[in-house]
$ cat structure.cif   # mmCIF, C-alpha atoms
data_coords
#
loop_
_atom_site.label_atom_id
_atom_site.label_comp_id
_atom_site.auth_asym_id
_atom_site.auth_seq_id
_atom_site.Cartn_x
_atom_site.Cartn_y
_atom_site.Cartn_z
CA MET A 1 72.03 38.11 11.88
CA ALA A 2 69.67 35.20 11.33
CA ILE A 3 69.02 34.30 7.74
CA PRO A 4 65.26 34.41 6.99
CA VAL A 5 63.98 31.20 5.44
CA LYS A 6 60.67 31.09 3.58
CA LEU A 7 59.06 27.67 3.80
CA GLU A 8 56.47 26.32 1.41
CA VAL A 9 53.01 25.72 2.84
CA PHE A 10 51.81 22.13 2.75
CA GLU A 11 48.34 20.86 3.47
CA GLY A 12 49.59 18.08 5.71
CA PRO A 13 52.41 15.62 6.41
CA LEU A 14 51.51 13.43 3.44
CA ASP A 15 51.64 16.47 1.16
CA LEU A 16 55.11 17.26 2.49
CA LEU A 17 56.29 13.68 1.93
CA LEU A 18 55.02 13.72 -1.66
CA HIS A 19 56.89 16.98 -2.22
CA LEU A 20 60.13 15.49 -0.87
CA ILE A 21 59.71 12.35 -3.03
CA ASP A 22 59.12 14.45 -6.18
CA LYS A 23 61.98 16.77 -5.26
CA ASN A 24 64.45 13.88 -4.85
CA LYS A 25 63.00 12.10 -7.91
CA VAL A 26 62.77 8.74 -6.14
CA ASP A 27 60.43 5.84 -6.69
CA ILE A 28 57.44 5.98 -4.35
CA TYR A 29 57.54 2.18 -4.07
CA ASP A 30 61.23 2.27 -2.96
CA ILE A 31 61.52 5.30 -0.69
CA PRO A 32 65.03 5.99 0.70
CA ILE A 33 63.64 6.27 4.19
CA VAL A 34 66.86 7.60 5.79
CA GLU A 35 67.23 10.52 3.39
CA ILE A 36 63.52 11.40 3.35
CA THR A 37 63.32 11.26 7.15
CA GLU A 38 66.26 13.66 7.56
CA GLN A 39 64.74 16.16 5.12
CA TYR A 40 61.36 15.84 6.81
CA LEU A 41 62.87 16.51 10.25
CA ASP A 42 64.72 19.54 8.86
CA TYR A 43 61.42 20.97 7.71
CA ILE A 44 59.88 20.31 11.14
CA ARG A 45 62.71 22.19 12.85
CA GLN A 46 62.15 25.26 10.61
CA MET A 47 58.40 25.35 11.12
CA GLU A 48 57.11 28.37 13.05
CA THR A 49 53.51 27.87 14.10
CA ARG A 50 51.58 28.02 17.30
CA ASP A 51 48.75 25.81 16.08
CA MET A 52 49.26 22.59 18.03
CA ASN A 53 46.73 20.72 15.88
CA VAL A 54 48.87 21.34 12.79
CA MET A 55 52.12 20.60 14.60
CA SER A 56 50.75 17.38 16.10
CA GLU A 57 50.00 15.94 12.65
CA PHE A 58 53.54 16.61 11.42
CA LEU A 59 55.07 15.27 14.66
CA VAL A 60 53.06 12.05 14.43
CA MET A 61 54.34 11.51 10.89
CA ALA A 62 57.91 12.27 12.07
CA ALA A 63 57.55 9.58 14.74
CA THR A 64 56.22 7.18 12.11
CA LEU A 65 59.19 7.83 9.82
CA ILE A 66 61.64 7.29 12.68
CA ASP A 67 59.87 4.03 13.59
CA ILE A 68 60.12 2.82 9.97
CA LYS A 69 63.78 3.87 9.89
CA CYS A 70 64.48 1.77 12.98
CA ARG A 71 62.56 -1.23 11.61
CA MET A 72 64.59 -1.02 8.38
CA LEU A 73 67.75 -1.61 10.41
CA LEU A 74 66.35 -4.78 11.98
CA PRO A 75 65.92 -8.15 10.26
CA ARG A 76 62.84 -8.25 8.09
CA GLU A 77 59.73 -9.95 9.45
CA VAL A 78 58.20 -12.80 7.44
CA ASP A 79 54.45 -13.07 6.82
CA GLU A 80 52.34 -16.24 6.68
CA GLU A 81 53.25 -16.85 3.02
CA GLY A 82 56.97 -16.75 3.79
CA GLU A 83 57.60 -13.35 2.17
CA GLU A 84 59.47 -10.54 3.88
CA GLU A 85 57.32 -7.62 5.03
CA ASP A 86 58.36 -4.13 3.99
CA PRO A 87 57.99 -1.62 6.87
CA ARG A 88 57.29 1.06 4.26
CA ALA A 89 54.30 -0.72 2.70
CA GLU A 90 51.62 0.94 4.84
CA LEU A 91 53.12 4.40 4.32
CA VAL A 92 53.35 3.84 0.55
CA GLN A 93 49.68 2.85 0.44
CA LYS A 94 48.66 6.04 2.27
CA LEU A 95 50.80 8.16 -0.06
CA LEU A 96 49.23 6.59 -3.15
CA GLU A 97 45.71 7.20 -1.86
CA TYR A 98 46.53 10.79 -0.92
CA LYS A 99 48.13 11.38 -4.33
CA LEU A 100 45.00 10.08 -6.06
CA TYR A 101 42.69 12.34 -4.05
CA LYS A 102 44.98 15.32 -4.57
CA TYR A 103 44.99 14.92 -8.35
CA MET A 104 41.19 14.49 -8.31
CA SER A 105 40.80 17.72 -6.33
CA LEU A 106 43.04 19.54 -8.81
CA GLU A 107 40.97 18.22 -11.70
CA LEU A 108 37.75 19.39 -10.04
CA ARG A 109 39.29 22.79 -9.38
CA ASP A 110 40.22 23.14 -13.05
CA LEU A 111 36.67 22.24 -14.06
CA GLN A 112 35.35 24.87 -11.66
CA VAL A 113 37.67 27.49 -13.10
CA ASP A 114 36.63 26.62 -16.65
CA ALA A 115 32.95 26.68 -15.71
CA ALA A 116 33.34 30.13 -14.17
CA LYS A 117 34.37 31.48 -17.57
CA ASN A 118 31.07 30.54 -19.19
CA MET A 119 28.42 33.23 -19.20
CA TYR A 120 24.81 32.64 -20.20
CA ARG A 121 22.33 35.27 -21.26
CA GLU A 122 18.96 35.25 -19.62
CA GLN A 123 16.06 34.41 -21.91
CA LYS A 124 13.85 37.43 -22.55
CA LEU A 125 10.74 37.19 -24.68
CA PRO A 126 8.69 40.11 -25.95
CA PRO A 127 5.45 40.55 -23.98
CA GLU A 128 3.28 39.76 -26.97
CA VAL A 129 5.15 36.47 -27.49
CA ALA A 130 5.02 35.54 -23.78
CA MET A 131 1.25 36.19 -23.65
CA TYR A 132 0.53 34.25 -26.82
CA SER A 133 -1.49 31.03 -26.45
CA TYR A 134 -2.21 28.48 -29.12
CA PRO A 135 -5.78 28.57 -30.44
CA VAL A 136 -7.93 25.59 -29.45
CA ASN A 137 -10.15 23.91 -31.99
CA TYR A 138 -12.98 22.61 -29.81
CA GLU A 139 -14.51 20.54 -32.58
CA GLU A 140 -11.22 18.74 -33.09
CA LEU A 141 -10.79 18.41 -29.33
CA ILE A 142 -14.22 16.85 -28.78
CA GLY A 143 -14.09 14.72 -31.92
CA ASP A 144 -16.91 12.16 -32.09
CA MET A 145 -17.76 12.58 -28.38
CA THR A 146 -21.50 13.06 -27.77
CA LEU A 147 -23.76 13.21 -24.74
CA ASN A 148 -24.82 9.62 -25.29
CA ARG A 149 -21.20 8.55 -25.42
CA LEU A 150 -20.45 10.42 -22.19
CA HIS A 151 -23.47 8.80 -20.54
CA GLU A 152 -22.24 5.33 -21.52
CA ILE A 153 -18.80 6.07 -20.08
CA PHE A 154 -20.40 7.31 -16.85
CA LYS A 155 -22.51 4.15 -16.48
CA PHE A 156 -19.45 1.99 -17.16
CA ILE A 157 -17.49 3.73 -14.38
CA VAL A 158 -20.42 3.40 -11.95
CA ARG A 159 -20.75 -0.30 -12.81
CA ARG A 160 -17.04 -0.85 -12.10
CA GLN A 161 -17.42 0.84 -8.73
CA GLU A 162 -20.38 -1.40 -7.89
CA ASP A 163 -18.36 -4.50 -8.83
CA LYS A 164 -15.76 -3.52 -6.23
CA ILE A 165 -18.35 -3.69 -3.42
CA ASP A 166 -18.24 -6.92 -1.41
CA PRO A 167 -21.82 -8.30 -1.49
CA ILE A 168 -21.35 -9.99 1.90
CA ARG A 169 -19.48 -7.38 3.89
CA SER A 170 -21.67 -4.60 2.56
CA GLN A 171 -24.61 -6.19 4.42
CA TYR A 172 -22.83 -5.98 7.76
CA GLY A 173 -24.28 -3.57 10.26
CA ASN A 174 -22.65 -1.73 13.09
CA ILE A 175 -21.25 -3.84 15.92
CA GLU A 176 -22.61 -2.42 19.13
CA LYS A 177 -21.17 -3.07 22.57
CA GLU A 178 -23.37 -5.13 24.88
CA GLU A 179 -24.05 -3.36 28.14
CA ILE A 180 -24.24 -5.84 31.05
CA ASP A 181 -24.87 -4.91 34.68
CA MET A 182 -22.16 -6.85 36.52
CA GLU A 183 -23.82 -6.45 39.94
CA ALA A 184 -27.21 -7.63 38.70
CA LYS A 185 -25.63 -10.58 36.92
CA THR A 186 -23.78 -11.59 40.10
CA LEU A 187 -27.02 -11.53 42.09
CA TYR A 188 -28.65 -13.63 39.37
CA VAL A 189 -25.95 -16.33 39.49
CA GLU A 190 -25.92 -16.44 43.30
CA ALA A 191 -29.71 -16.75 43.40
CA TYR A 192 -29.57 -19.48 40.77
CA ALA A 193 -26.99 -21.36 42.83
CA ARG A 194 -29.04 -21.10 46.05
CA GLU A 195 -32.19 -22.29 44.28
CA HIS A 196 -30.69 -25.28 42.45
CA ARG A 197 -27.95 -26.26 44.93
CA ILE A 198 -26.39 -28.70 42.40
CA PHE A 199 -26.61 -27.75 38.75
CA SER A 200 -24.88 -28.12 35.39
CA PHE A 201 -22.42 -25.45 34.29
CA ARG A 202 -23.39 -26.04 30.66
CA LYS A 203 -27.09 -25.50 31.34
CA LEU A 204 -26.30 -22.30 33.20
CA LEU A 205 -24.45 -20.95 30.18
CA GLU A 206 -27.23 -22.03 27.81
CA ARG A 207 -29.61 -19.74 29.70
CA GLN A 208 -27.52 -16.68 28.75
CA ALA A 209 -28.69 -14.44 25.94
CA GLY A 210 -25.41 -13.56 24.26
CA LYS A 211 -21.69 -14.10 24.06
CA MET A 212 -20.88 -11.29 26.47
CA GLU A 213 -23.29 -12.70 29.07
CA VAL A 214 -21.60 -16.10 28.79
CA ILE A 215 -18.18 -14.52 29.41
CA VAL A 216 -19.44 -12.49 32.38
CA THR A 217 -21.18 -15.54 33.87
CA PHE A 218 -18.00 -17.58 33.52
CA LEU A 219 -16.01 -14.91 35.36
CA ILE A 220 -18.61 -14.79 38.14
CA ILE A 221 -18.40 -18.59 38.55
CA LEU A 222 -14.62 -18.30 38.89
CA GLU A 223 -15.00 -15.60 41.54
CA LEU A 224 -17.56 -17.66 43.52
CA MET A 225 -15.27 -20.67 43.35
CA LYS A 226 -12.35 -18.55 44.59
CA THR A 227 -14.32 -17.27 47.57
CA GLY A 228 -15.50 -20.80 48.45
CA LYS A 229 -19.19 -20.18 47.81
CA ILE A 230 -19.37 -22.99 45.23
CA VAL A 231 -17.49 -26.22 44.50
CA ILE A 232 -17.02 -27.65 41.02
CA SER A 233 -16.46 -31.28 40.06
CA GLN A 234 -15.99 -33.25 36.85
CA GLU A 235 -15.93 -37.03 36.54
CA THR A 236 -13.98 -37.31 33.27
CA ILE A 237 -12.24 -34.94 30.86
CA PHE A 238 -14.60 -33.09 28.52
CA ASP A 239 -17.54 -34.19 30.67
CA ASP A 240 -20.06 -31.68 31.97
CA ILE A 241 -18.98 -29.65 35.01
CA LEU A 242 -21.23 -29.93 38.08
CA ILE A 243 -21.47 -26.98 40.45
CA THR A 244 -22.45 -27.44 44.09
CA SER A 245 -23.56 -24.39 46.02
CA ARG A 246 -22.23 -23.91 49.56
CA MET A 247 -24.13 -20.71 50.22
CA CYS A 248 -26.62 -20.73 53.10
CA ALA A 249 -30.18 -20.36 51.90
CA GLU A 250 -32.07 -17.93 54.09
CA GLU A 251 -35.80 -18.03 53.67
CA SER A 252 -36.21 -14.30 53.57
CA SER A 253 -33.54 -13.75 51.00
CA THR A 254 -34.26 -16.93 49.06
CA ASP A 255 -37.76 -15.93 48.14
CA THR A 256 -36.66 -12.49 47.01
CA GLU A 257 -33.75 -13.81 44.92
CA ALA A 258 -35.85 -16.61 43.47
CA ASP A 259 -38.40 -14.06 42.32
CA PHE A 260 -35.50 -12.07 40.84
CA VAL A 261 -34.29 -15.16 38.94
CA ARG A 262 -37.73 -15.84 37.55
CA SER A 263 -38.12 -12.24 36.48
CA VAL A 264 -34.75 -12.23 34.72
#
$ encode --input "structure.cif" --output "structure tokens"
Amino acid sequence: MAIPVKLEVFEGPLDLLLHLIDKNKVDIYDIPIVEITEQYLDYIRQMETRDMNVMSEFLVMAATLIDIKCRMLLPREVDEEGEEEDPRAELVQKLLEYKLYKYMSLELRDLQVDAAKNMYREQKLPPEVAMYSYPVNYEELIGDMTLNRLHEIFKFIVRRQEDKIDPIRSQYGNIEKEEIDMEAKTLYVEAYAREHRIFSFRKLLERQAGKMEVIVTFLIILELMKTGKIVISQETIFDDILITSRMCAEESSTDTEADFVRSV
């Protein structure tokens, strides 16, 4: 008959290693890796679980212990400072961190248990006490405040609000969008070009009523230049631009467009 063996439940491979170190009463900084590895593998062989996630964690640690065991048999590696590297150093660091977190969790659990033993009575006041309100002495509350004093405070607040108003920006009106008929403006510029044949670009812009008309006129000049209806020239930089019209002047259309220019 098989002898039943009851194994202790551990939260993970590091928990099992700490148990084996405490059980063998060895120094965590000088772990007898051969002995600990054999005991760890014995525990793995006796484990009966179908949870592969749990088993994989313990098997990974078993492979790590075997790797450290093999590296302990080889000559020690030397670091940049000329000191021998201990293959157990990384494992020791993980064990120390796990031990710290484990003790902290135990401490928090004890605090939770102690806090669960404290019972507090709910505060219950008699209805007459709960509905009681302190009497208000209105004369003491108002003090030396009078209607004249309140009026002075009101005027002071209004005066402060007026001081915050920008005297310049407050005079600004609403900025309205200028409506310009693009087709009519194009006819105007073409008629002007046919009538004058050669004219100054600056004088043409000076005839415009507003900023938006100047921009629209400039765009129309660019379009006429692109289509070859006008030619521009400039003798020197920053000098006035001369525009020469290449549009054919028909008598019938010229008179009508000239009248349109004069009317505009």
$ residues_around --input "structure.cif" --residues "Ile198 of chain A" --least-positions-apart "5" --cutoff "12 Å" --atoms "all atoms listed in the file" --output "MDAnalysis selection string"
chainID A and resid 192:193 203:204 230:233 241:247
$ write_last_selection --input "structure.cif" --atoms "C-alpha atoms" --output "CSV table (one decimal), keeping the file's coordinate frame"
chain,number,residue,atom,x,y,z
A,192,TYR,CA,-29.6,-19.5,40.8
A,193,ALA,CA,-27.0,-21.4,42.8
A,203,LYS,CA,-27.1,-25.5,31.3
A,204,LEU,CA,-26.3,-22.3,33.2
A,230,ILE,CA,-19.4,-23.0,45.2
A,231,VAL,CA,-17.5,-26.2,44.5
A,232,ILE,CA,-17.0,-27.6,41.0
A,233,SER,CA,-16.5,-31.3,40.1
A,241,ILE,CA,-19.0,-29.6,35.0
A,242,LEU,CA,-21.2,-29.9,38.1
A,243,ILE,CA,-21.5,-27.0,40.4
A,244,THR,CA,-22.4,-27.4,44.1
A,245,SER,CA,-23.6,-24.4,46.0
A,246,ARG,CA,-22.2,-23.9,49.6
A,247,MET,CA,-24.1,-20.7,50.2
$ residues_around --input "structure.cif" --residues "Val214 of chain A" --least-positions-apart "3" --cutoff "12 Å" --atoms "all atoms listed in the file" --output "PyMOL selection string"
chain A and resi 178+180+185+189+201-211+217-221
$ resolve_selection --input "structure.cif" --expression "the PyMOL selection byres ((chain A and resi 41) around 10)" --output "VMD selection string"
chain A and resid 36 to 40 42 to 47 58 to 59 61 to 63 65 to 66
$ residues_around --input "structure.cif" --residues "Pro32 of chain A" --least-positions-apart "2" --cutoff "12 Å" --atoms "only C-alpha atoms" --output "list in words"
Leu17, Leu20, Ile21, Asn24, Lys25, Val26, Asp27, Ile28, Tyr29, Asp30, Val34, Glu35, Ile36, Thr37, Glu38, Gln39, Leu65, Ile68, Lys69, Met72, Arg88 and Val92 of chain A
$ atom_distance --input "structure.cif" --atom1 "atom CA of Lys99 of chain A" --atom2 "atom CA of Asp15 of chain A"
8.3 Å
$ closest_residue --input "structure.cif" --among "A:Gln112, A:Gly12, A:Thr64, A:Lys124" --to "Glu90 of chain A" --atoms "all atoms listed in the file"
A:Thr64
$ atom_distance --input "structure.cif" --atom1 "atom CA of Ser200 of chain A" --atom2 "atom CA of Glu235 of chain A"
12.7 Å
$ atom_distance --input "structure.cif" --atom1 "atom CA of Leu108 of chain A" --atom2 "atom CA of Leu95 of chain A"
19.9 Å
$ build_atoms --input "structure.cif" --residues "segment 207-226 of chain A" --atoms "N, CA and C atoms" --output "mmCIF file, in the frame of the given file"
data_model
loop_
_atom_site.group_PDB
_atom_site.id
_atom_site.type_symbol
_atom_site.label_atom_id
_atom_site.label_comp_id
_atom_site.auth_asym_id
_atom_site.auth_seq_id
_atom_site.Cartn_x
_atom_site.Cartn_y
_atom_site.Cartn_z
ATOM 1 N N ARG A 207 -28.551 -20.665 29.339
ATOM 2 C CA ARG A 207 -29.610 -19.740 29.700
ATOM 3 C C ARG A 207 -29.246 -18.293 29.371
ATOM 4 N N GLN A 208 -27.976 -18.042 29.012
ATOM 5 C CA GLN A 208 -27.520 -16.680 28.750
ATOM 6 C C GLN A 208 -27.926 -16.260 27.334
ATOM 7 N N ALA A 209 -28.136 -14.954 27.200
ATOM 8 C CA ALA A 209 -28.690 -14.440 25.940
ATOM 9 C C ALA A 209 -27.642 -14.191 24.868
ATOM 10 N N GLY A 210 -26.418 -13.896 25.262
ATOM 11 C CA GLY A 210 -25.410 -13.560 24.260
ATOM 12 C C GLY A 210 -24.007 -13.969 24.700
ATOM 13 N N LYS A 211 -23.075 -13.706 23.810
ATOM 14 C CA LYS A 211 -21.690 -14.100 24.060
ATOM 15 C C LYS A 211 -21.106 -13.356 25.259
ATOM 16 N N MET A 212 -21.418 -12.062 25.365
ATOM 17 C CA MET A 212 -20.880 -11.290 26.470
ATOM 18 C C MET A 212 -21.440 -11.770 27.807
ATOM 19 N N GLU A 213 -22.723 -12.169 27.847
ATOM 20 C CA GLU A 213 -23.290 -12.700 29.070
ATOM 21 C C GLU A 213 -22.643 -14.011 29.475
ATOM 22 N N VAL A 214 -22.297 -14.843 28.499
ATOM 23 C CA VAL A 214 -21.600 -16.100 28.790
ATOM 24 C C VAL A 214 -20.244 -15.821 29.440
ATOM 25 N N ILE A 215 -19.507 -14.843 28.868
ATOM 26 C CA ILE A 215 -18.180 -14.520 29.410
ATOM 27 C C ILE A 215 -18.300 -13.984 30.837
ATOM 28 N N VAL A 216 -19.259 -13.073 31.050
ATOM 29 C CA VAL A 216 -19.440 -12.490 32.380
ATOM 30 C C VAL A 216 -19.849 -13.560 33.382
ATOM 31 N N THR A 217 -20.753 -14.459 32.987
ATOM 32 C CA THR A 217 -21.180 -15.540 33.870
ATOM 33 C C THR A 217 -20.020 -16.454 34.237
ATOM 34 N N PHE A 218 -19.173 -16.746 33.272
ATOM 35 C CA PHE A 218 -18.000 -17.580 33.520
ATOM 36 C C PHE A 218 -17.068 -16.927 34.546
ATOM 37 N N LEU A 219 -16.861 -15.617 34.411
ATOM 38 C CA LEU A 219 -16.010 -14.910 35.360
ATOM 39 C C LEU A 219 -16.617 -14.899 36.759
ATOM 40 N N ILE A 220 -17.947 -14.774 36.832
ATOM 41 C CA ILE A 220 -18.610 -14.790 38.140
ATOM 42 C C ILE A 220 -18.464 -16.158 38.798
ATOM 43 N N ILE A 221 -18.593 -17.228 38.021
ATOM 44 C CA ILE A 221 -18.400 -18.590 38.550
ATOM 45 C C ILE A 221 -16.994 -18.751 39.112
ATOM 46 N N LEU A 222 -15.993 -18.217 38.398
ATOM 47 C CA LEU A 222 -14.620 -18.300 38.890
ATOM 48 C C LEU A 222 -14.459 -17.549 40.211
ATOM 49 N N GLU A 223 -15.093 -16.390 40.316
ATOM 50 C CA GLU A 223 -15.000 -15.600 41.540
ATOM 51 C C GLU A 223 -15.684 -16.319 42.711
ATOM 52 N N LEU A 224 -16.860 -16.918 42.462
ATOM 53 C CA LEU A 224 -17.560 -17.660 43.520
ATOM 54 C C LEU A 224 -16.766 -18.886 43.963
ATOM 55 N N MET A 225 -16.100 -19.522 43.008
ATOM 56 C CA MET A 225 -15.270 -20.670 43.350
ATOM 57 C C MET A 225 -14.058 -20.232 44.188
ATOM 58 N N LYS A 226 -13.498 -19.067 43.845
ATOM 59 C CA LYS A 226 -12.350 -18.550 44.590
ATOM 60 C C LYS A 226 -12.710 -18.201 46.026
#
